[in-house]
Amino acid sequence: MSRKAFDWKLRHLIVLVVGGLLVYGLLESRAEWSPMHKWNRAVGDASLILIAISMIIGPLSRLFPAAKRMIPWRRELGIYGVILAFVHAIIILVGWMEWDLYRLIGMEFHPGLNRYVMFQHGLGLGNILGIAALIYALVLALTSNDFSQRKLGSSVWKYIQQGTYILWWMLVIHTGYFLFMHFQDYHRGTPEPNWLRWPFVGLVLGVMVLQMAASIKTWRLKAA
């Protein structure tokens with residue numbers, strides 16, 4: 001086995017183990033939740049964390065040259081982050097929406113009217129954004145390999161992969177809605193706040209600060 005192939009397999013194994021440990025830890029931190037919501041949030045949050053780590057590797061490598069050795073890890077982190085996001089979506093479809101696509105966009109069946117009516121506008125918008133992000137993420141994950149890079153050409157491949165920044169902010173808005181806004185309706189019971197709220201804010205701010213610092217450093221080097 002070549003050194004490159006060994007490193008590739010080792011990265012996959014390590015990220016897979018880290019992802020599994022994240023899911024396990026997040027599950028245990030919400031032991032009192034219902035099984036569906038416990039798994040839903042644990043898998044979704046683990047996905048966000050893996051993608052966040054992949055997002056900070058680029059800025060770190062520009063700020064600290066020694067961090068460039070981490071660049072190859074972005075591919076595996078992104079791939080397993082997308083896989084977890086896909087599992088997260090399946091759990092919601094099966095366990096929460098029960099394969100009723102109308103409920104997915106915030107509608108409920110009204111027996112008196114004998115038709116579906118809009119019940120939760122925010123839920124529909126949040127889920128639509130999540131679905132769009134998942135489709136976008138699948139495109140990025142499926143093209144995140146050497147074969148696609150050769151077939152598409154370096155310039156086209158880089159253009160597609162730059163969509164990770166758009167994907168990141170779609171995920172931030174999607175997650176932020178469910179952490180801070182969805183359970184605030186006055187006519188429904190409000191569950192205990194998700195403990196991940198403020199760590200999530202810290203994570204997003206951390207990514208922003210690193211990206212801004214890297215951009216400033218790049219600008220200063222070009223201006224010098």
# chains A, B, ... in the order shown; residues from 1 in each chain; ligands from 1

call {"tool": "residues_around", "arguments": {"residues": "range 20-37 of chain A", "least_positions_apart": "4", "cutoff": "12 Å", "atoms": "only C-alpha atoms", "output": "number ranges by chain"}}
result
A: 13-16, 41-50, 80-81, 83-85, 87-98, 178, 191-196

call {"tool": "select_by_dssp", "arguments": {"residues": "range 1-223 of chain A", "states": "strand (DSSP E or B)", "output": "VMD selection string"}}
result
chain A and resid 107 to 110 115 to 118

call {"tool": "select_by_dssp", "arguments": {"residues": "range 60-163 of chain A", "states": "alpha helix (DSSP H)", "output": "number ranges by chain"}}
result
A: 60-63, 73-91, 101-104, 121-142, 146-152, 154-161

call {"tool": "closest_residue", "arguments": {"among": "A:Met118, A:Met55, A:Ile135, A:Ile128", "to": "Val204 in chain A", "atoms": "only C-alpha atoms"}}
result
A:Met55

call {"tool": "residues_around", "arguments": {"residues": "Met208 in chain A", "least_positions_apart": "6", "cutoff": "10 Å", "atoms": "only C-alpha atoms", "output": "CSV table (one decimal) with N, CA and C atoms, in the first residue's frame"}}
result
chain,number,residue,atom,x,y,z
A,55,MET,N,-14.3,24.0,8.0
A,55,MET,CA,-14.3,25.4,7.6
A,55,MET,C,-13.1,26.2,8.2
A,56,ILE,N,-12.6,25.8,9.4
A,56,ILE,CA,-11.6,26.6,10.0
A,56,ILE,C,-10.2,26.1,9.5
A,59,PRO,N,-8.6,28.9,6.9
A,59,PRO,CA,-8.1,30.1,7.6
A,59,PRO,C,-6.9,29.8,8.5
A,202,GLY,N,-20.7,30.5,20.0
A,202,GLY,CA,-19.3,30.6,20.0
A,202,GLY,C,-18.6,30.0,18.8
A,214,ALA,N,-7.8,35.7,8.6
A,214,ALA,CA,-7.0,35.1,7.5
A,214,ALA,C,-7.2,36.1,6.3

call {"tool": "residues_around", "arguments": {"residues": "His12 in chain A", "least_positions_apart": "5", "cutoff": "9 Å", "atoms": "only C-alpha atoms", "output": "count of residues only"}}
result
6

call {"tool": "atom_distance", "arguments": {"atom1": "CA of Gly126 in chain A", "atom2": "CA of Trp168 in chain A"}}
result
14.7 Å

call {"tool": "residues_around", "arguments": {"residues": "Leu142 in chain A", "least_positions_apart": "5", "cutoff": "12 Å", "atoms": "only C-alpha atoms", "output": "list in words"}}
result
Arg75, Glu76, Gly78, Ile79, Tyr80, Val82, Ile83, Ile135, Tyr136, Ala137, Phe147, Ser148, Gln149, Trp157, Ile160 and Gln161 of chain A

call {"tool": "residues_around", "arguments": {"residues": "Gln211 in chain A", "least_positions_apart": "5", "cutoff": "10 Å", "atoms": "only C-alpha atoms", "output": "compact mmCIF listing (two decimals) with N, CA and C atoms, in the first residue's frame"}}
result
# COMPACT_ATOMS: atom_id res chain seq x y z
N MET A 55 -14.26 23.97 7.99
CA MET A 55 -14.27 25.38 7.59
C MET A 55 -13.11 26.17 8.17
N ILE A 56 -12.64 25.78 9.37
CA ILE A 56 -11.58 26.57 10.00
C ILE A 56 -10.18 26.15 9.55
N ILE A 57 -10.06 25.01 8.89
CA ILE A 57 -8.74 24.55 8.46
C ILE A 57 -8.13 25.51 7.44
N GLY A 58 -8.94 26.00 6.50
CA GLY A 58 -8.43 26.94 5.50
C GLY A 58 -7.86 28.20 6.13
N PRO A 59 -8.65 28.93 6.94
CA PRO A 59 -8.11 30.13 7.60
C PRO A 59 -6.90 29.84 8.49
N LEU A 60 -6.93 28.72 9.21
CA LEU A 60 -5.80 28.38 10.08
C LEU A 60 -4.53 28.18 9.26
N ARG A 62 -3.72 29.60 6.55
CA ARG A 62 -3.21 30.89 6.07
C ARG A 62 -2.59 31.70 7.21
N LEU A 63 -3.14 31.52 8.41
CA LEU A 63 -2.60 32.24 9.56
C LEU A 63 -1.34 31.59 10.11
N LEU A 205 -19.06 32.31 15.80
CA LEU A 205 -18.20 33.48 15.95
C LEU A 205 -16.73 33.11 15.75
N GLY A 206 -16.34 31.93 16.25
CA GLY A 206 -14.96 31.48 16.07
C GLY A 206 -14.61 31.31 14.60
N ILE A 216 -7.63 39.34 6.33
CA ILE A 216 -6.81 40.52 6.59
C ILE A 216 -5.34 40.22 6.35
N LYS A 217 -4.87 39.06 6.81
CA LYS A 217 -3.47 38.69 6.60
C LYS A 217 -3.17 38.55 5.11

call {"tool": "decode", "arguments": {"residues": "range 58-84 of chain A", "atoms": "C-alpha atoms", "output": "PDB file, in the first residue's frame"}}
result
ATOM      1  CA  GLY A  58      -8.432  26.942   5.502  1.00  0.00           C
ATOM      2  CA  PRO A  59      -8.108  30.130   7.599  1.00  0.00           C
ATOM      3  CA  LEU A  60      -5.801  28.380  10.076  1.00  0.00           C
ATOM      4  CA  SER A  61      -3.472  27.283   7.270  1.00  0.00           C
ATOM      5  CA  ARG A  62      -3.210  30.888   6.074  1.00  0.00           C
ATOM      6  CA  LEU A  63      -2.603  32.243   9.563  1.00  0.00           C
ATOM      7  CA  PHE A  64      -0.174  29.518  10.652  1.00  0.00           C
ATOM      8  CA  PRO A  65       1.933  27.785   7.961  1.00  0.00           C
ATOM      9  CA  ALA A  66       2.328  24.683  10.163  1.00  0.00           C
ATOM     10  CA  ALA A  67      -1.433  24.133   9.922  1.00  0.00           C
ATOM     11  CA  LYS A  68      -1.171  23.449   6.171  1.00  0.00           C
ATOM     12  CA  ARG A  69      -0.631  19.782   6.967  1.00  0.00           C
ATOM     13  CA  MET A  70      -4.291  19.738   8.078  1.00  0.00           C
ATOM     14  CA  ILE A  71      -5.639  20.716   4.632  1.00  0.00           C
ATOM     15  CA  PRO A  72      -6.130  17.108   3.382  1.00  0.00           C
ATOM     16  CA  TRP A  73      -8.467  16.505   6.335  1.00  0.00           C
ATOM     17  CA  ARG A  74     -11.053  18.926   4.962  1.00  0.00           C
ATOM     18  CA  ARG A  75     -12.287  16.375   2.435  1.00  0.00           C
ATOM     19  CA  GLU A  76     -13.023  13.617   4.946  1.00  0.00           C
ATOM     20  CA  LEU A  77     -14.510  16.033   7.478  1.00  0.00           C
ATOM     21  CA  GLY A  78     -16.844  17.411   4.834  1.00  0.00           C
ATOM     22  CA  ILE A  79     -17.858  13.979   3.518  1.00  0.00           C
ATOM     23  CA  TYR A  80     -18.762  12.560   6.934  1.00  0.00           C
ATOM     24  CA  GLY A  81     -20.424  15.828   7.917  1.00  0.00           C
ATOM     25  CA  VAL A  82     -22.700  15.467   4.876  1.00  0.00           C
ATOM     26  CA  ILE A  83     -23.370  11.777   5.627  1.00  0.00           C
ATOM     27  CA  LEU A  84     -24.484  12.717   9.145  1.00  0.00           C
TER      28      LEU A  84
END
